[in-house]
$ cat run.txt   # compact mmCIF, C-alpha atoms
# COMPACT_ATOMS: atom_id res chain seq x y z
CA MET A 888 85.36 -101.14 63.86
CA ASP A 889 81.74 -101.02 62.72
CA ILE A 890 79.13 -102.84 64.81
CA THR A 891 75.57 -103.47 63.66
CA LEU A 892 73.08 -104.47 66.33
CA THR A 893 69.49 -105.55 65.83
CA HIS A 894 66.64 -104.78 68.18
CA SER A 895 66.46 -108.49 68.91
CA GLN A 896 70.13 -108.63 69.94
CA ILE A 897 69.72 -105.64 72.24
CA SER A 898 66.54 -107.02 73.78
CA ASP A 899 68.13 -110.44 74.30
CA ALA A 900 71.20 -108.87 75.93
CA ALA A 901 69.01 -106.78 78.25
CA GLU A 902 66.95 -109.81 79.24
CA ALA A 903 70.09 -111.84 79.91
CA ALA A 904 71.51 -108.97 81.97
CA TYR A 905 68.34 -108.78 84.03
CA LYS A 906 68.34 -112.52 84.67
CA TYR A 907 72.00 -112.46 85.60
CA ALA A 908 71.52 -109.56 88.03
CA LEU A 909 68.78 -111.54 89.78
CA THR A 910 71.45 -114.03 90.82
CA VAL A 911 73.76 -111.35 92.26
CA SER A 912 73.72 -110.85 96.03
CA GLY A 913 75.32 -108.47 98.49
CA GLY A 914 74.93 -104.91 99.65
CA GLU A 915 72.29 -103.32 101.84
CA ASN A 916 69.68 -100.59 101.56
CA ALA A 917 70.61 -97.02 102.51
CA HIS A 918 70.02 -97.47 106.24
CA TYR A 919 70.63 -93.84 107.21
CA ILE A 920 67.42 -92.70 105.46
CA PRO A 921 64.52 -94.51 107.15
CA TYR A 922 62.27 -94.58 104.08
CA LEU A 923 64.97 -96.19 101.92
CA ALA A 924 65.92 -98.68 104.61
CA ASN A 925 62.42 -100.18 104.38
CA ILE A 926 62.20 -100.65 100.59
CA ASP A 927 61.95 -104.27 99.44
CA PRO A 928 65.58 -105.27 98.72
CA GLY A 929 64.42 -107.84 96.16
CA LEU A 930 63.20 -105.26 93.64
CA LEU A 931 65.05 -105.11 90.31
CA GLY A 932 64.23 -103.22 87.12
CA LEU A 933 66.18 -102.77 83.88
CA SER A 934 65.30 -100.52 80.93
CA VAL A 935 66.99 -99.68 77.63
CA MET A 936 66.01 -96.82 75.31
CA LEU A 937 66.95 -96.61 71.63
CA PRO A 938 67.07 -93.49 69.41
CA ASP A 939 63.75 -94.30 67.71
CA GLY A 940 61.91 -94.53 71.03
CA THR A 941 61.96 -98.31 71.21
CA ALA A 942 62.13 -99.42 74.84
CA PHE A 943 63.11 -102.75 76.35
CA ASP A 944 61.94 -103.14 79.95
CA PHE A 945 62.36 -105.98 82.41
CA GLY A 946 61.38 -106.65 86.00
CA ASP A 947 60.17 -103.87 88.27
CA HIS A 948 60.57 -101.13 85.66
CA THR A 949 57.33 -99.36 86.67
CA TYR A 950 58.19 -99.17 90.38
CA ARG A 951 58.73 -95.58 91.54
CA PHE A 952 61.88 -95.35 93.64
CA GLY A 953 63.70 -92.36 95.09
CA ILE A 954 65.77 -90.71 92.35
CA GLU A 955 68.23 -89.41 94.98
CA SER A 956 71.63 -88.41 93.54
CA VAL A 957 70.66 -89.23 89.96
CA SER A 958 68.66 -85.98 90.23
CA LYS A 959 71.96 -84.12 90.15
CA VAL A 960 72.23 -84.89 86.44
CA PRO A 961 69.04 -83.17 85.24
CA THR A 962 69.61 -80.16 87.49
CA ALA A 963 73.11 -79.75 86.07
CA VAL A 964 71.50 -79.86 82.62
CA LEU A 965 68.97 -77.23 83.74
CA VAL A 966 71.72 -74.88 84.91
CA MET A 967 73.45 -75.29 81.55
CA ARG A 968 70.12 -74.64 79.79
CA GLN A 969 69.45 -71.49 81.84
CA TYR A 970 73.02 -70.16 81.76
CA SER A 971 75.66 -72.05 79.76
CA PRO A 972 78.17 -74.86 80.25
CA GLU A 973 80.84 -72.19 80.71
CA ILE A 974 78.97 -70.50 83.57
CA LEU A 975 78.43 -73.85 85.30
CA LEU A 976 82.18 -74.49 85.09
CA GLN A 977 82.93 -71.04 86.47
CA LYS A 978 80.48 -71.08 89.38
CA ILE A 979 80.59 -74.78 90.35
CA GLY A 980 83.30 -76.70 88.48
CA ALA A 981 83.82 -80.04 86.75
CA ASP A 982 86.50 -81.83 88.78
CA ALA A 983 85.98 -85.21 90.39
CA THR A 984 86.64 -85.12 94.13
CA GLY A 985 87.78 -88.72 94.52
CA LEU A 986 85.92 -88.63 97.85
CA PRO A 987 82.46 -89.71 99.07
CA PHE A 988 79.46 -87.88 97.61
CA ASN A 989 78.71 -86.02 100.85
CA SER A 990 82.27 -85.00 101.69
CA ILE A 991 82.80 -81.68 103.45
CA PHE A 992 86.57 -82.14 103.30
CA ALA A 993 86.36 -82.08 99.49
CA ILE A 994 85.13 -78.47 99.62
CA LEU A 995 88.20 -77.46 101.60
CA LEU A 996 90.56 -79.38 99.32
CA GLU A 997 89.07 -77.66 96.27
CA ASN A 998 89.90 -74.21 97.71
CA ASP A 999 86.33 -73.37 98.73
CA HIS A 1000 84.92 -74.66 95.41
CA PRO A 1001 81.93 -77.04 95.10
CA SER A 1002 83.99 -78.97 92.49
CA THR A 1003 81.21 -80.61 90.42
CA PRO A 1004 77.40 -80.48 90.28
CA LEU A 1005 77.30 -84.27 90.63
CA VAL A 1006 78.30 -84.37 94.32
CA ASN A 1007 76.15 -82.99 97.13
CA ALA A 1008 77.98 -79.67 97.50
CA GLY A 1009 77.83 -78.86 93.80
CA ALA A 1010 74.23 -80.03 93.51
CA ILE A 1011 73.11 -77.73 96.34
CA SER A 1012 75.00 -74.91 94.63
CA ALA A 1013 73.28 -75.80 91.33
CA CYS A 1014 69.86 -75.62 93.00
CA SER A 1015 70.78 -72.16 94.26
CA MET A 1016 71.53 -71.10 90.67
CA VAL A 1017 68.21 -72.25 89.20
CA LYS A 1018 66.15 -69.32 87.96
CA PRO A 1019 64.15 -67.38 89.03
CA THR A 1020 66.16 -66.21 92.04
CA GLY A 1021 64.33 -66.02 95.34
CA ASP A 1022 61.17 -67.89 94.31
CA SER A 1023 61.09 -71.42 95.71
CA ASP A 1024 57.87 -72.47 93.95
CA ALA A 1025 59.03 -71.21 90.57
CA LYS A 1026 62.43 -72.84 91.02
CA TRP A 1027 60.76 -76.14 91.91
CA LYS A 1028 58.58 -75.92 88.81
CA ALA A 1029 61.67 -75.33 86.68
CA ILE A 1030 63.39 -78.36 88.21
CA THR A 1031 60.44 -80.72 87.77
CA ASP A 1032 59.49 -79.41 84.32
CA ASN A 1033 63.06 -80.04 83.20
CA ILE A 1034 62.96 -83.63 84.46
CA THR A 1035 59.61 -84.13 82.73
CA ASP A 1036 61.12 -82.84 79.48
CA LEU A 1037 64.06 -85.23 79.80
CA CYS A 1038 61.94 -88.27 80.69
CA GLY A 1039 58.92 -87.54 78.54
CA SER A 1040 56.73 -88.03 81.62
CA ALA A 1041 56.52 -86.44 85.05
CA PRO A 1042 58.17 -87.68 88.25
CA GLU A 1043 56.16 -87.73 91.48
CA LEU A 1044 57.30 -86.44 94.85
CA ILE A 1045 57.43 -89.18 97.49
CA ASP A 1046 56.24 -87.22 100.54
CA GLU A 1047 57.38 -89.84 103.05
CA LEU A 1048 60.87 -89.87 101.54
CA TYR A 1049 60.99 -86.05 101.54
CA ARG A 1050 60.08 -85.96 105.23
CA SER A 1051 62.62 -88.69 105.98
CA GLU A 1052 65.35 -86.87 104.05
CA SER A 1053 64.55 -83.52 105.67
CA ALA A 1054 64.75 -84.99 109.15
CA THR A 1055 68.19 -86.55 108.58
CA ASN A 1056 70.08 -84.12 106.29
CA PHE A 1057 72.39 -82.68 108.95
CA ASN A 1058 75.53 -83.15 106.84
CA ASN A 1059 73.97 -81.37 103.89
CA ARG A 1060 72.96 -78.47 106.13
CA ALA A 1061 76.61 -78.07 107.08
CA ILE A 1062 77.62 -78.18 103.41
CA ALA A 1063 75.08 -75.52 102.43
CA TRP A 1064 76.26 -73.05 105.05
CA LEU A 1065 79.94 -73.74 104.40
CA LEU A 1066 79.34 -72.96 100.73
CA LYS A 1067 77.46 -69.82 101.74
CA ASN A 1068 80.49 -68.77 103.76
CA TYR A 1069 82.66 -69.17 100.66
CA GLY A 1070 80.26 -67.34 98.32
CA ARG A 1071 79.30 -70.49 96.40
CA ILE A 1072 75.59 -70.43 97.22
CA TYR A 1073 73.81 -68.03 94.87
CA ASP A 1074 70.43 -67.80 96.60
CA ASP A 1075 69.05 -68.39 100.08
CA PRO A 1076 70.96 -71.40 101.52
CA ASP A 1077 67.98 -72.91 103.34
CA MET A 1078 65.84 -72.65 100.21
CA SER A 1079 68.60 -74.17 98.10
CA LEU A 1080 69.03 -77.07 100.51
CA ASP A 1081 65.28 -77.69 100.60
CA LEU A 1082 65.10 -77.74 96.79
CA TYR A 1083 67.96 -80.23 96.67
CA THR A 1084 66.30 -82.42 99.32
CA ARG A 1085 62.99 -82.31 97.47
CA GLN A 1086 64.51 -83.19 94.10
CA CYS A 1087 66.26 -86.18 95.68
CA SER A 1088 62.84 -87.30 96.97
CA LEU A 1089 61.21 -87.51 93.57
CA GLY A 1090 59.85 -90.90 92.57
CA ILE A 1091 61.09 -92.18 89.22
CA THR A 1092 61.01 -95.49 87.34
CA SER A 1093 63.77 -97.24 85.46
CA SER A 1094 61.72 -96.72 82.28
CA GLN A 1095 61.71 -92.96 82.89
CA LEU A 1096 65.41 -92.90 83.71
CA ALA A 1097 66.24 -94.80 80.51
CA ALA A 1098 64.31 -92.18 78.53
CA MET A 1099 66.27 -89.45 80.32
CA ALA A 1100 69.51 -91.28 79.54
CA GLY A 1101 68.42 -91.53 75.93
CA THR A 1102 67.74 -87.81 75.75
CA LEU A 1103 71.27 -87.17 77.03
CA ALA A 1104 72.71 -89.74 74.61
CA PHE A 1105 70.88 -88.36 71.56
CA GLY A 1106 71.99 -84.74 71.74
CA GLY A 1107 69.09 -83.46 73.81
CA ARG A 1108 66.30 -84.93 71.67
CA ASN A 1109 63.82 -86.93 73.70
CA PRO A 1110 63.34 -90.25 71.86
CA LEU A 1111 59.74 -90.62 73.10
CA THR A 1112 58.37 -87.13 72.49
CA GLY A 1113 60.71 -85.96 69.74
CA LYS A 1114 61.18 -82.68 71.64
CA GLN A 1115 64.59 -81.00 71.42
CA VAL A 1116 64.98 -80.43 75.16
CA PHE A 1117 68.37 -78.72 75.15
CA ASP A 1118 71.14 -77.57 72.84
CA PRO A 1119 73.10 -80.54 71.49
CA ALA A 1120 76.32 -78.91 72.73
CA ILE A 1121 75.26 -79.69 76.31
CA SER A 1122 75.29 -83.48 75.75
CA PRO A 1123 79.08 -83.99 75.72
CA LYS A 1124 79.42 -81.70 78.75
CA ILE A 1125 76.93 -83.58 80.94
CA THR A 1126 78.26 -86.93 79.72
CA THR A 1127 81.78 -85.86 80.69
CA LEU A 1128 80.59 -84.93 84.18
CA ILE A 1129 78.90 -88.31 84.52
CA ALA A 1130 81.98 -90.14 83.24
CA THR A 1131 84.31 -88.43 85.71
CA VAL A 1132 82.30 -88.62 88.94
CA GLY A 1133 79.10 -90.64 88.40
CA PHE A 1134 80.15 -93.38 90.81
CA TYR A 1135 82.03 -91.09 93.20
CA GLN A 1136 85.28 -92.64 94.49
CA ASN A 1137 84.59 -95.80 92.44
CA THR A 1138 84.10 -93.98 89.13
CA GLY A 1139 87.38 -95.03 87.57
CA ASP A 1140 86.84 -98.69 88.38
CA TRP A 1141 83.29 -98.47 87.05
CA LEU A 1142 84.22 -96.90 83.71
CA TYR A 1143 87.21 -99.22 83.30
CA THR A 1144 85.07 -102.34 83.72
CA SER A 1145 81.73 -101.26 82.23
CA GLY A 1146 82.68 -98.87 79.44
CA ILE A 1147 79.69 -96.58 79.99
CA PRO A 1148 79.38 -93.24 81.80
CA ALA A 1149 76.76 -93.76 84.51
CA LYS A 1150 75.30 -91.96 87.51
CA SER A 1151 74.13 -93.71 90.65
CA GLY A 1152 71.83 -92.79 93.52
CA VAL A 1153 71.37 -94.23 96.99
CA GLY A 1154 67.75 -95.02 96.10
CA GLY A 1155 69.21 -97.86 94.01
CA GLY A 1156 69.06 -96.26 90.59
CA VAL A 1157 71.75 -96.19 87.90
CA LEU A 1158 71.50 -94.11 84.70
CA GLY A 1159 73.91 -94.91 81.85
CA VAL A 1160 74.63 -92.86 78.73
CA LEU A 1161 76.24 -94.33 75.59
CA PRO A 1162 76.44 -91.28 73.30
CA GLY A 1163 74.61 -91.66 70.01
CA VAL A 1164 73.70 -95.29 70.73
CA LEU A 1165 71.38 -95.81 73.69
CA GLY A 1166 70.34 -94.92 77.21
CA ILE A 1167 70.08 -97.52 79.94
CA ALA A 1168 68.81 -97.51 83.51
CA ALA A 1169 68.55 -100.07 86.28
CA PHE A 1170 67.19 -100.12 89.81
CA ALA A 1171 67.84 -102.35 92.83
CA PRO A 1172 67.94 -101.03 96.44
CA PRO A 1173 70.94 -102.82 98.06
CA LEU A 1174 74.09 -100.68 97.82
CA ASP A 1175 77.82 -101.27 98.06
CA ALA A 1176 80.04 -99.38 100.50
CA ALA A 1177 80.29 -96.37 98.16
CA GLY A 1178 76.50 -96.04 97.85
CA ASN A 1179 76.10 -97.64 94.40
CA SER A 1180 73.48 -100.32 93.66
CA VAL A 1181 75.08 -103.75 93.57
CA ARG A 1182 72.63 -105.44 91.19
CA ALA A 1183 71.97 -102.39 89.02
CA GLN A 1184 75.71 -102.17 88.41
CA ALA A 1185 75.81 -105.88 87.60
CA ALA A 1186 72.95 -105.60 85.11
CA VAL A 1187 74.37 -102.61 83.22
CA LYS A 1188 77.88 -104.05 83.15
CA PHE A 1189 76.65 -107.44 81.89
CA PHE A 1190 74.63 -105.75 79.14
CA MET A 1191 77.60 -103.70 77.94
CA GLN A 1192 79.97 -106.64 77.94
CA LYS A 1193 77.45 -108.94 76.26
CA LEU A 1194 77.22 -106.57 73.28
CA GLY A 1195 80.89 -105.56 73.27
CA LEU A 1196 80.03 -101.89 73.73
CA GLY A 1197 82.09 -99.17 75.39
CA ILE A 1198 82.59 -95.43 75.10
CA MET A 1199 86.34 -95.87 74.53
CA ASN A 1200 86.09 -98.77 72.09
CA GLY A 1201 86.11 -96.57 69.01
CA ASN A 1202 83.23 -98.49 67.48
CA ASN A 1203 80.75 -97.06 65.01
CA VAL A 1204 77.47 -98.59 66.20
CA THR A 1205 74.45 -98.91 63.93
CA ILE A 1206 71.11 -100.16 65.23
CA VAL A 1207 68.66 -101.81 62.84
CA LYS A 1208 65.31 -103.47 63.38
$ encode --input "run.txt" --output "structure tokens"
Amino acid sequence: MDITLTHSQISDAAEAAYKYALTVSGGENAHYIPYLANIDPGLLGLSVMLPDGTAFDFGDHTYRFGIESVSKVPTAVLVMRQYSPEILLQKIGADATGLPFNSIFAILLENDHPSTPLVNAGAISACSMVKPTGDSDAKWKAITDNITDLCGSAPELIDELYRSESATNFNNRAIAWLLKNYGRIYDDPDMSLDLYTRQCSLGITSSQLAAMAGTLAFGGRNPLTGKQVFDPAISPKITTLIATVGFYQNTGDWLYTSGIPAKSGVGGGVLGVLPGVLGIAAFAPPLDAAGNSVRAQAAVKFFMQKLGLGIMNGNNVTIVK
């Protein structure tokens, strides 16, 4: 079935989704990270990015929040850029764990394998793979330059969040050294953990995340800058990873009800990728029990349902002004 959508229809749907999400309650901030626990729970931003660079933004779309686990997506892209999708599969994997994002048990169940770069274990492993080996500053530049390429603008490190994360990342320290024991950390484990902690502490806006989502949706071409950031062959690979584990143990329910592959973070962000059509991002701090933003989920889901969109719908979508 062919669907033609106008800019006005998309903007109206996004505005309606934002207004609906404002009425949604429930959830709580990530209390185990002091910085996140103190963020205003009333914040809400929603952004949509189209292939021609047209953006629709509502609410607190310029507020810089902690990117947290959404950062796993661009670093997975970076590893595929520096190596290949095949090497990422070989050294990390692409299987959903079906368990919480910080599960140590999942490593054991996967026969010493990190499983996927979109859970903590695989993301720490991915940071260890980033080139050049052994140079923390150069690795960090590669990570942040990649995010800048994807967003079309630079993120900013939130120092207070970085300090807060570093002081409370005991579980991740255990993961890093367990992976080292199994030969799944490919550089210094402490350096790799620090890089992962720092990337999670980057400040990002929903407008920037929507541009990143658009770059993923449009075959690696940034809709704002026009830059071809990565090989188009990477897009279906990263979208598949997002579709299979983006919401951790709730991923199946999410994709079933929303129709869009999306990645969440405990900072309250959600990034959604509808291949060839649009990128979408939302932000609201209160989380559900699985660590996914309650109101960001509501906004994205409402938007998708309002327009009748979905990755499995088999629709050919055309956007006109």
$ closest_residue --input "run.txt" --among "A:Gly1155, A:Pro928, A:Gly1090, A:Gly980" --to "Thr1003 of chain A" --atoms "all atoms listed in the file"
A:Gly980
$ closest_residue --input "run.txt" --among "A:Gln1184, A:Ser1088, A:Asn1200, A:Ser1094" --to "Asp947 of chain A" --atoms "only C-alpha atoms"
A:Ser1094
$ axis_aligned_box --input "run.txt" --around "segment 1039-1044 of chain A" --padding-each-side "8 Å" --output "AutoDock Vina command-line options"
--center_x 57.5 --center_y -87.2 --center_z 86.7 --size_x 18.8 --size_y 17.6 --size_z 32.3
$ atom_distance --input "run.txt" --atom1 "atom CA of Lys1067 of chain A" --atom2 "atom CA of Val1006 of chain A"
16.4 Å
$ closest_residue --input "run.txt" --among "A:Thr941, A:Ser1023, A:Ser1040, A:Thr1084" --to "Ala1010 of chain A" --atoms "all atoms listed in the file"
A:Thr1084
$ residues_near_point --input "run.txt" --point "(76.8, -77.1, 74.1)" --cutoff "12 Å" --atoms "all atoms listed in the file" --output "list in words"
Val964, Met967, Arg968, Tyr970, Ser971, Pro972, Glu973, Ile974, Leu975, Leu1103, Gly1106, Gly1107, Phe1117, Asp1118, Pro1119, Ala1120, Ile1121, Ser1122, Pro1123, Lys1124, Ile1125 and Thr1126 of chain A
$ closest_residue --input "run.txt" --among "A:Ala1171, A:Leu1142, A:Met1191, A:Ile1011" --to "Thr962 of chain A" --atoms "all atoms listed in the file"
A:Ile1011
$ closest_residue --input "run.txt" --among "A:Gly1178, A:Gly1154, A:Gly953, A:Gly1070" --to "Asn1137 of chain A" --atoms "all atoms listed in the file"
A:Gly1178
$ residues_around --input "run.txt" --residues "Tyr950 of chain A" --least-positions-apart "2" --cutoff "10 Å" --atoms "all atoms listed in the file" --output "ChimeraX atom specification"
/A:930-932,946-948,952-953,1090-1094,1170
$ atom_distance --input "run.txt" --atom1 "atom CA of Ala917 of chain A" --atom2 "atom CA of Ala901 of chain A"
26.2 Å
$ atom_distance --input "run.txt" --atom1 "atom CA of Pro1172 of chain A" --atom2 "atom CA of Asn916 of chain A"
5.4 Å
$ residues_around --input "run.txt" --residues "segment 1203-1207 of chain A" --least-positions-apart "3" --cutoff "7 Å" --atoms "all atoms listed in the file" --output "list of chain:residue names"
A:Met888, A:Asp889, A:Ile890, A:Thr891, A:Leu892, A:Thr893, A:His894, A:Val1164
$ closest_residue --input "run.txt" --among "A:Val1160, A:Val957, A:Ile897, A:Ala1185" --to "Thr1144 of chain A" --atoms "only C-alpha atoms"
A:Ala1185
$ residues_near_point --input "run.txt" --point "(62.8, -84.8, 77.6)" --cutoff "9 Å" --atoms "only C-alpha atoms" --output "PyMOL selection string"
chain A and resi 1033-1040+1098-1099+1101-1103+1107-1117
$ decode --input "run.txt" --residues "segment 1036-1064 of chain A" --atoms "N, CA and C atoms" --output "tab-separated table (two decimals), in the first residue's frame"
chain	number	residue	atom	x	y	z
A	1036	ASP	N	29.37	13.70	13.42
A	1036	ASP	CA	29.01	13.40	12.03
A	1036	ASP	C	27.56	12.95	11.91
A	1037	LEU	N	27.14	12.09	12.82
A	1037	LEU	CA	25.79	11.53	12.76
A	1037	LEU	C	24.72	12.58	13.07
A	1038	CYS	N	25.02	13.46	14.02
A	1038	CYS	CA	24.06	14.48	14.45
A	1038	CYS	C	24.12	15.75	13.60
A	1039	GLY	N	25.28	16.02	13.03
A	1039	GLY	CA	25.47	17.29	12.33
A	1039	GLY	C	25.86	18.41	13.25
A	1040	SER	N	26.04	18.10	14.53
A	1040	SER	CA	26.49	19.06	15.54
A	1040	SER	C	27.07	18.27	16.69
A	1041	ALA	N	27.91	18.93	17.50
A	1041	ALA	CA	28.68	18.21	18.51
A	1041	ALA	C	27.91	18.03	19.82
A	1042	PRO	N	28.07	16.88	20.46
A	1042	PRO	CA	27.56	16.71	21.83
A	1042	PRO	C	28.51	17.40	22.80
A	1043	GLU	N	28.09	17.52	24.05
A	1043	GLU	CA	28.94	18.14	25.07
A	1043	GLU	C	28.98	17.23	26.30
A	1044	LEU	N	30.19	16.98	26.79
A	1044	LEU	CA	30.32	16.15	27.98
A	1044	LEU	C	29.73	16.87	29.19
A	1045	ILE	N	28.89	16.16	29.94
A	1045	ILE	CA	28.33	16.69	31.19
A	1045	ILE	C	29.23	16.20	32.31
A	1046	ASP	N	30.14	17.06	32.76
A	1046	ASP	CA	31.16	16.64	33.74
A	1046	ASP	C	30.54	16.07	35.01
A	1047	GLU	N	29.48	16.69	35.50
A	1047	GLU	CA	28.86	16.22	36.74
A	1047	GLU	C	28.29	14.82	36.56
A	1048	LEU	N	27.71	14.56	35.40
A	1048	LEU	CA	27.18	13.23	35.11
A	1048	LEU	C	28.31	12.21	34.99
A	1049	TYR	N	29.39	12.60	34.35
A	1049	TYR	CA	30.56	11.71	34.21
A	1049	TYR	C	31.12	11.34	35.57
A	1050	ARG	N	31.24	12.31	36.46
A	1050	ARG	CA	31.73	12.01	37.81
A	1050	ARG	C	30.75	11.12	38.55
A	1051	SER	N	29.47	11.38	38.39
A	1051	SER	CA	28.43	10.59	39.05
A	1051	SER	C	28.44	9.15	38.55
A	1052	GLU	N	28.57	8.99	37.24
A	1052	GLU	CA	28.62	7.66	36.63
A	1052	GLU	C	29.86	6.91	37.09
A	1053	SER	N	31.00	7.59	37.08
A	1053	SER	CA	32.26	6.94	37.44
A	1053	SER	C	32.27	6.45	38.88
A	1054	ALA	N	31.58	7.17	39.74
A	1054	ALA	CA	31.56	6.82	41.16
A	1054	ALA	C	30.60	5.68	41.47
A	1055	THR	N	29.73	5.32	40.51
A	1055	THR	CA	28.70	4.32	40.80
A	1055	THR	C	28.69	3.14	39.83
A	1056	ASN	N	29.73	3.02	38.99
A	1056	ASN	CA	29.69	2.00	37.92
A	1056	ASN	C	30.32	0.67	38.33
A	1057	PHE	N	30.03	0.22	39.53
A	1057	PHE	CA	30.61	-1.02	40.05
A	1057	PHE	C	30.23	-2.23	39.20
A	1058	ASN	N	28.98	-2.31	38.77
A	1058	ASN	CA	28.54	-3.45	37.96
A	1058	ASN	C	29.28	-3.49	36.63
A	1059	ASN	N	29.45	-2.32	36.03
A	1059	ASN	CA	30.16	-2.27	34.75
A	1059	ASN	C	31.64	-2.63	34.90
A	1060	ARG	N	32.22	-2.31	36.05
A	1060	ARG	CA	33.61	-2.72	36.29
A	1060	ARG	C	33.71	-4.25	36.30
A	1061	ALA	N	32.74	-4.88	36.92
A	1061	ALA	CA	32.74	-6.35	36.94
A	1061	ALA	C	32.58	-6.91	35.53
A	1062	ILE	N	31.71	-6.29	34.74
A	1062	ILE	CA	31.50	-6.74	33.36
A	1062	ILE	C	32.80	-6.62	32.56
A	1063	ALA	N	33.48	-5.49	32.69
A	1063	ALA	CA	34.69	-5.26	31.91
A	1063	ALA	C	35.76	-6.32	32.20
A	1064	TRP	N	35.93	-6.64	33.46
A	1064	TRP	CA	36.97	-7.61	33.81
A	1064	TRP	C	36.56	-9.04	33.52
